[in-house]
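Enquirer: Next comes the structure file protein39.cif, holding mmCIF, C-alpha atoms.
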```cif
data_model
#
loop_
_atom_site.label_atom_id
_atom_site.label_comp_id
_atom_site.auth_asym_id
_atom_site.auth_seq_id
_atom_site.Cartn_x
_atom_site.Cartn_y
_atom_site.Cartn_z
CA MET A 1346 -27.90 -0.32 -13.38
CA LYS A 1347 -28.15 0.31 -9.66
CA GLY A 1348 -27.62 -2.83 -7.69
CA VAL A 1349 -24.98 -4.19 -10.02
CA VAL A 1350 -22.13 -5.37 -7.84
CA LEU A 1351 -18.57 -5.33 -9.05
CA VAL A 1352 -16.14 -7.48 -7.12
CA VAL A 1353 -12.57 -7.43 -8.36
CA ALA A 1354 -9.56 -8.69 -6.43
CA LEU A 1355 -5.99 -8.36 -7.63
CA ALA A 1356 -3.61 -9.82 -5.03
CA ILE A 1357 0.01 -10.37 -5.99
CA ALA A 1358 1.23 -12.03 -2.78
CA LEU A 1359 4.58 -13.54 -3.55
CA ILE A 1360 5.41 -14.17 0.12
CA GLY A 1361 2.52 -16.57 0.12
CA GLY A 1362 4.23 -18.64 -2.55
CA CYS A 1363 2.45 -17.40 -5.71
CA GLY A 1364 5.77 -16.84 -7.46
CA THR A 1365 9.49 -16.27 -7.17
CA VAL A 1366 11.04 -12.91 -7.98
CA LEU A 1367 14.19 -10.93 -7.37
CA ALA A 1368 13.38 -8.50 -4.56
CA ASN A 1369 15.13 -5.38 -3.41
CA PRO A 1370 16.69 -5.74 0.05
CA PRO A 1371 14.19 -4.46 2.66
CA LEU A 1372 14.86 -0.85 3.57
CA VAL A 1373 16.42 -0.29 6.98
CA PRO A 1374 14.49 2.38 8.92
CA PRO A 1375 16.33 5.64 9.67
CA VAL A 1376 17.74 5.89 13.19
CA GLN A 1377 15.46 8.85 13.94
CA TYR A 1378 11.93 7.88 12.95
CA GLU A 1379 9.43 10.51 11.91
CA GLN A 1380 5.66 10.41 12.18
CA PHE A 1381 2.58 12.24 10.90
CA CYS A 1382 -1.02 11.82 12.06
CA GLU A 1383 -4.22 13.49 10.87
CA ASN A 1384 -7.80 12.72 11.94
CA GLN A 1385 -10.79 14.69 10.74
CA LYS A 1386 -14.57 14.57 10.80
CA VAL A 1387 -16.45 17.02 8.61
CA ALA A 1388 -20.15 17.42 7.79
CA GLY A 1389 -21.74 20.26 5.87
CA THR A 1390 -22.71 21.85 2.57
CA GLY A 1391 -20.45 24.01 0.43
CA VAL A 1392 -17.13 24.04 -1.36
CA VAL A 1393 -14.89 21.02 -0.76
CA ASP A 1394 -11.12 21.19 -1.25
CA VAL A 1395 -9.17 18.45 0.56
CA SER A 1396 -5.69 17.13 -0.20
CA THR A 1397 -2.83 15.27 1.48
CA SER A 1398 0.57 14.37 0.08
CA ILE A 1399 3.51 12.47 1.57
CA ILE A 1400 6.90 11.93 -0.09
CA ASP A 1401 9.62 10.09 1.81
CA LYS A 1402 12.65 8.96 -0.17
CA LYS A 1403 14.03 7.07 2.84
CA ILE A 1404 11.19 4.55 2.67
CA ALA A 1405 10.51 4.85 -1.11
CA LEU A 1406 7.02 6.32 -0.56
CA GLU A 1407 5.01 8.67 -2.78
CA TYR A 1408 1.41 9.32 -1.73
CA TYR A 1409 -1.15 11.86 -3.00
CA ASN A 1410 -4.84 12.11 -2.14
CA THR A 1411 -7.10 14.96 -3.27
CA MET A 1412 -10.74 15.84 -3.94
CA ALA A 1413 -12.70 19.00 -4.74
CA GLY A 1414 -16.36 19.77 -5.31
CA ASP A 1415 -19.41 21.76 -4.17
CA GLY A 1416 -22.19 19.87 -2.41
CA ASP A 1417 -23.23 17.95 0.71
CA LEU A 1418 -20.33 16.13 2.37
CA GLU A 1419 -19.80 13.88 5.36
CA LEU A 1420 -16.16 12.86 5.83
CA ASP A 1421 -14.39 10.78 8.49
CA SER A 1422 -10.76 10.16 7.58
CA THR A 1423 -7.41 9.25 9.14
CA HIS A 1424 -3.86 9.50 7.84
CA ALA A 1425 -1.08 7.84 9.82
CA TYR A 1426 2.52 7.71 8.62
CA SER A 1427 5.68 6.52 10.33
CA GLN A 1428 9.22 5.75 9.19
CA ASP A 1429 9.23 3.23 12.06
CA ALA A 1430 6.72 0.56 11.01
CA ASP A 1431 6.79 -0.95 14.53
CA LYS A 1432 5.00 2.18 15.79
CA LEU A 1433 2.12 2.07 13.30
CA LYS A 1434 0.17 -1.13 14.00
CA ARG A 1435 -3.09 -1.74 12.17
CA ASN A 1436 -5.35 -4.57 11.08
CA VAL A 1437 -5.92 -4.87 7.34
CA SER A 1438 -8.15 -7.71 6.16
CA SER A 1439 -6.03 -8.66 3.13
CA VAL A 1440 -2.69 -8.48 5.02
CA ASN A 1441 -1.35 -11.04 7.50
CA ASP A 1442 -4.73 -12.81 7.65
CA GLY A 1443 -6.23 -9.63 9.08
CA ASN A 1444 -4.00 -9.70 12.15
CA GLU A 1445 -2.13 -6.66 13.43
CA SER A 1446 0.78 -5.61 11.19
CA GLY A 1447 3.37 -2.84 11.26
CA LEU A 1448 2.98 -0.35 8.40
CA ASN A 1449 4.67 2.82 7.17
CA LEU A 1450 1.40 4.34 5.90
CA TYR A 1451 -2.20 3.65 6.82
CA GLU A 1452 -5.14 5.71 5.55
CA THR A 1453 -8.87 5.22 5.98
CA THR A 1454 -11.73 7.22 4.48
CA LYS A 1455 -15.45 7.00 5.15
CA MET A 1456 -17.50 9.55 3.25
CA THR A 1457 -20.76 10.42 1.52
CA TYR A 1458 -21.21 13.15 -1.09
CA ALA A 1459 -24.12 14.53 -3.12
CA GLY A 1460 -24.07 17.65 -5.29
CA ALA A 1461 -24.95 19.16 -8.65
CA THR A 1462 -21.24 19.93 -9.03
CA PRO A 1463 -19.22 16.71 -9.39
CA LEU A 1464 -16.77 15.75 -6.68
CA VAL A 1465 -13.51 15.28 -8.56
CA GLY A 1466 -10.49 13.58 -7.03
CA GLY A 1467 -8.00 10.79 -6.94
CA LYS A 1468 -5.38 8.87 -5.03
CA TYR A 1469 -1.86 7.80 -5.98
CA LEU A 1470 0.21 5.37 -3.92
CA HIS A 1471 3.69 4.46 -5.22
CA SER A 1472 6.54 2.29 -3.96
CA LYS A 1473 9.21 4.01 -6.04
CA ALA A 1474 11.92 1.69 -7.37
CA PHE A 1475 14.41 4.54 -7.76
CA TYR A 1476 14.44 4.99 -3.97
CA GLY A 1477 14.52 1.26 -3.19
CA GLY A 1478 10.83 0.34 -3.46
CA ILE A 1479 9.34 -2.47 -5.54
CA GLY A 1480 8.24 -0.30 -8.47
CA ALA A 1481 4.48 -0.76 -7.99
CA ASP A 1482 1.76 1.89 -7.89
CA VAL A 1483 -2.00 2.05 -7.34
CA GLN A 1484 -4.22 4.91 -8.53
CA GLU A 1485 -7.87 5.79 -8.04
CA MET A 1486 -9.74 8.45 -10.05
CA PHE A 1487 -13.33 9.70 -9.80
CA SER A 1488 -15.77 12.41 -10.89
CA VAL A 1489 -19.11 11.77 -9.19
CA ASN A 1490 -22.33 13.55 -8.29
CA GLU A 1491 -23.08 10.97 -5.61
CA MET A 1492 -20.75 8.70 -3.70
CA GLU A 1493 -20.61 6.57 -0.56
CA LYS A 1494 -17.15 5.21 0.18
CA ASP A 1495 -15.36 3.10 2.80
CA GLU A 1496 -11.69 2.74 1.84
CA THR A 1497 -8.35 1.74 3.35
CA SER A 1498 -4.88 2.31 1.88
CA PHE A 1499 -1.70 0.69 3.20
CA PHE A 1500 2.05 0.69 2.53
CA ALA A 1501 5.14 -0.86 4.09
CA SER A 1502 8.75 -1.02 2.93
CA THR A 1503 11.04 -1.11 5.98
CA THR A 1504 12.40 -3.88 8.17
CA PRO A 1505 11.45 -4.17 11.88
CA TYR A 1506 12.80 -1.18 13.78
CA ARG A 1507 13.47 -3.16 16.97
CA LEU A 1508 14.78 -6.55 15.97
CA LYS A 1509 14.58 -9.73 17.99
CA ARG A 1510 17.54 -10.75 20.14
CA ASN A 1511 19.25 -7.37 19.64
CA ASP A 1512 20.16 -8.27 16.06
CA SER A 1513 21.71 -5.62 13.84
CA PRO A 1514 20.38 -4.75 10.34
CA ASP A 1515 23.35 -6.67 8.90
CA ASP A 1516 22.38 -9.72 10.98
CA LEU A 1517 18.83 -9.46 9.63
CA ASN A 1518 19.99 -9.36 6.00
CA LYS A 1519 22.14 -12.45 6.58
CA LYS A 1520 19.26 -14.31 8.21
CA LEU A 1521 16.87 -13.35 5.43
CA LYS A 1522 19.34 -14.62 2.86
CA ALA A 1523 19.73 -17.86 4.81
CA ALA A 1524 15.94 -18.20 5.03
CA GLY A 1525 15.68 -18.18 1.25
CA ARG A 1526 12.11 -19.02 0.18
CA HIS A 1527 11.15 -20.62 3.49
CA THR A 1528 8.15 -18.36 4.17
CA ASP A 1529 7.86 -19.22 7.88
CA TRP A 1530 11.51 -18.27 8.48
CA VAL A 1531 11.08 -15.05 6.50
CA THR A 1532 7.99 -14.13 8.54
CA SER A 1533 9.85 -14.84 11.79
CA ASN A 1534 12.76 -12.61 10.74
CA MET A 1535 10.36 -9.84 9.69
CA THR A 1536 8.74 -9.84 13.14
CA SER A 1537 9.86 -7.30 15.76
CA TYR A 1538 10.72 -7.91 19.41
CA ASP A 1539 7.07 -7.48 20.46
CA ASN A 1540 5.88 -10.00 17.82
CA THR A 1541 4.60 -7.38 15.38
CA TYR A 1542 4.89 -8.62 11.80
CA ILE A 1543 6.31 -6.02 9.37
CA PRO A 1544 5.11 -6.91 5.83
CA SER A 1545 7.94 -5.25 3.93
CA HIS A 1546 7.44 -4.50 0.21
CA LEU A 1547 3.67 -4.06 0.46
CA ILE A 1548 1.33 -1.61 -1.26
CA GLY A 1549 -2.44 -1.69 -1.77
CA ILE A 1550 -6.00 -0.46 -1.21
CA GLU A 1551 -9.29 -2.02 -0.10
CA THR A 1552 -12.43 -0.15 -1.12
CA LYS A 1553 -16.20 -0.47 -0.99
CA ASN A 1554 -18.22 2.25 -2.66
CA SER A 1555 -21.38 3.12 -4.56
CA PHE A 1556 -21.40 6.04 -6.97
CA ASN A 1557 -23.19 7.93 -9.70
CA GLY A 1558 -20.61 9.24 -12.14
CA THR A 1559 -17.19 8.01 -13.23
CA TRP A 1560 -14.86 5.96 -11.04
CA GLY A 1561 -11.91 3.71 -11.76
CA THR A 1562 -8.50 2.40 -10.78
CA ASP A 1563 -5.12 1.75 -12.37
CA ALA A 1564 -2.47 -0.56 -10.92
CA THR A 1565 0.98 -1.27 -12.33
CA TRP A 1566 4.06 -3.21 -11.29
CA HIS A 1567 7.14 -2.87 -13.44
CA LYS A 1568 10.51 -4.57 -13.09
CA ILE A 1569 12.92 -3.65 -15.84
CA PHE A 1570 13.41 -6.45 -18.36
CA TYR A 1571 11.25 -9.10 -16.68
CA LYS A 1572 8.02 -7.90 -14.99
CA ASP A 1573 5.22 -5.69 -16.32
CA ILE A 1574 1.76 -5.98 -14.72
CA LYS A 1575 -1.07 -3.57 -15.55
CA ALA A 1576 -4.69 -3.54 -14.42
CA HIS A 1577 -7.17 -0.84 -15.48
CA GLU A 1578 -10.87 -0.42 -14.74
CA MET A 1579 -13.10 2.60 -15.39
CA PHE A 1580 -16.90 2.79 -15.03
CA THR A 1581 -19.39 5.55 -15.82
CA GLY A 1582 -22.94 5.25 -14.55
CA THR A 1583 -24.50 4.06 -11.31
CA PHE A 1584 -22.54 1.22 -9.71
CA GLU A 1585 -21.61 -0.49 -6.49
CA ALA A 1586 -18.00 -1.66 -6.25
CA GLU A 1587 -15.96 -3.74 -3.83
CA LYS A 1588 -12.29 -4.05 -4.67
CA THR A 1589 -8.89 -5.08 -3.34
CA ILE A 1590 -5.60 -4.28 -5.08
CA LYS A 1591 -2.44 -5.50 -3.41
CA PHE A 1592 1.17 -5.91 -4.49
CA HIS A 1593 3.34 -7.83 -2.01
CA GLU A 1594 6.87 -9.01 -2.79
CA ASN A 1595 9.07 -11.46 -0.92
CA PRO A 1596 11.81 -9.41 0.82
CA VAL A 1597 14.42 -12.15 0.28
CA PRO A 1598 16.65 -11.56 -2.76
CA GLU A 1599 16.93 -14.42 -5.20
CA ASP A 1600 20.45 -15.75 -5.66
CA LEU A 1601 21.96 -14.52 -8.92
CA HIS A 1602 24.82 -16.48 -10.42
CA ALA A 1603 27.40 -14.69 -12.52
CA PRO A 1604 27.95 -16.17 -16.00
CA CYS A 1605 31.60 -16.86 -15.12
CA GLU A 1606 30.96 -18.12 -11.60
CA GLY A 1607 33.45 -20.78 -10.56
CA ILE A 1608 36.15 -19.74 -12.99
CA ASP A 1609 38.85 -17.11 -12.79
CA CYS A 1610 37.51 -14.22 -14.82
#
```
Do you think you could lay out the structure here as structure tokens?
Expert:
Amino acid sequence: MKGVVLVVALAIALIGGCGTVLANPPLVPPVQYEQFCENQKVAGTGVVDVSTSIIDKKIALEYYNTMAGDGDLELDSTHAYSQDADKLKRNVSSVNDGNESGLNLYETTKMTYAGATPLVGGKYLHSKAFYGGIGADVQEMFSVNEMEKDETSFFASTTPYRLKRNDSPDDLNKKLKAAGRHTDWVTSNMTSYDNTYIPSHLIGIETKNSFNGTWGTDATWHKIFYKDIKAHEMFTGTFEAEKTIKFHENPVPEDLHAPCEGIDC
């Protein structure tokens, strides 16, 4: 089955006008931002045990990435995390037309693996609703004897750290509410003083890989009482796959009207 090409794209981009939902207010970054950076290049033969995890309740982020095996490995990976999305500027092809955007988490992995012992691993990226996120998660799982992978993960949940015109976070919330569903106004308000767009309420992965073994993804987006999206794929054999999964929600809350609005209740 080698040579079979799987191309799957799941892009829920509500800012682009694909739908109207009730969004959580964008999270305001903490006054003291925190950062984490990791770059590594590894090549060799032997036991592989690699893992990274990041949990930050202030920006509603849960992230886990792990793999273990015994074989030939070449790995070139980067993890970059910042509570201040203005500081972490990257280009992602499926975000902001591929132009530079401010993110809270950006991860890239380029790797090859071959071994009699399967390389087993997975990735979990979650915008946790309990902490103010949008309630979406993306997972990747694999157990492979051979793999070549080029993958990018991305996440954003906060507002611009340095607002235009010395606005306060309260000013931003008022302007976002006034912008309503006018996407150009929303984009302008979600752009920092140096014209960096902060795509709040964003989570996703872009991946290209070929493998011999089992590989698959799960993606869910749940909003209590009115939204439940699930996408599952799992393949065992020899495949080539190119895939984008992205959840992106408009940061402007929809106006809710009380049942007794306009009367004295």
Enquirer: Under the PyMOL selection byres ((chain A and resi 1439) around 12), which residues of this model are included? Write them out as a count of residues only.
Expert: 32
Enquirer: Within 7 Å of Ser1398 (chain A), counting all atoms listed in the file, which residues show up once you throw out same-chain ones fewer than 5 positions away? Write them as a PyMOL selection string, please.
Expert: chain A and resi 1408-1410
Enquirer: For a quick check of understanding, using all atoms listed in the file, which of A:Pro1596, A:Ser1513, A:Lys1494, A:Phe1500 has the smallest distance to His1527 (chain A)?
Expert: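 When distances to His1527 (chain A) are compared using all atoms listed in the file, the smallest one comes from A:Pro1596.
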Enquirer: Do you have the CA of Phe1584 (chain A)-CA of Asn1557 (chain A) distance handy?
Expert: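 A separation of 6.7 Å between them.
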Enquirer: Using only C-alpha atoms, which of the listed residues (A:Gly1389, A:Gly1561, A:Gly1466, A:Gly1447) sits closest to Tyr1542 (chain A)?
Expert: A:Gly1447
Enquirer: Can you measure CA of Ser1488 (chain A) to CA of Thr1397 (chain A) for me? One decimal in Å is fine.
Expert: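 For CA of Ser1488 (chain A) relative to CA of Thr1397 (chain A), the distance reads 18.1 Å.
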Enquirer: Using CA of Pro1505 (chain A) and CA of Pro1374 (chain A) as the two end points, give the distance in Å to one decimal.
Expert: 7.8 Å
Enquirer: Contacts of region 1515-1522 of chain A at 10 Å or less, counting all atoms listed in the file, minus same-chain residues fewer than 2 places along, as a PyMOL selection string?
Expert: chain A and resi 1370-1371+1373+1504-1505+1508-1509+1511-1513+1524-1527+1530-1535+1596-1600
Enquirer: Report the residues retrieved by the PyMOL selection byres ((chain A and resi 1578) around 8) from the displayed file, expressed as a count of residues only.
Expert: 7
Enquirer: Excluding Ala1425 (chain A) and any residue of its chain fewer than 4 positions from it, enumerate the residues within 8 Å of it, using only C-alpha atoms, and give them as a ChimeraX atom specification.
Expert: /A:1380-1383,1433,1450-1452
Enquirer: I'd like the contact shell of Glu1419 (chain A) - 10 Å cut-off, all atoms listed in the file, skipping same-chain residues fewer than 3 positions apart - returned as a list in words.
Expert: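 After dropping sequence-adjacent residues, the list is Lys1386, Val1387, Ala1388, Gly1389, Thr1390, Lys1455, Met1456, Thr1457, Tyr1458, Ala1459 and Glu1493 of chain A.
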Enquirer: Under the rule that only C-alpha atoms are counted, which of A:Val1395, A:Leu1372, A:Met1412, A:Val1465 is the nearest residue to Ile1479 (chain A)?
Expert: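 Among A:Val1395, A:Leu1372, A:Met1412, A:Val1465, it is A:Leu1372 that comes nearest to Ile1479 (chain A).
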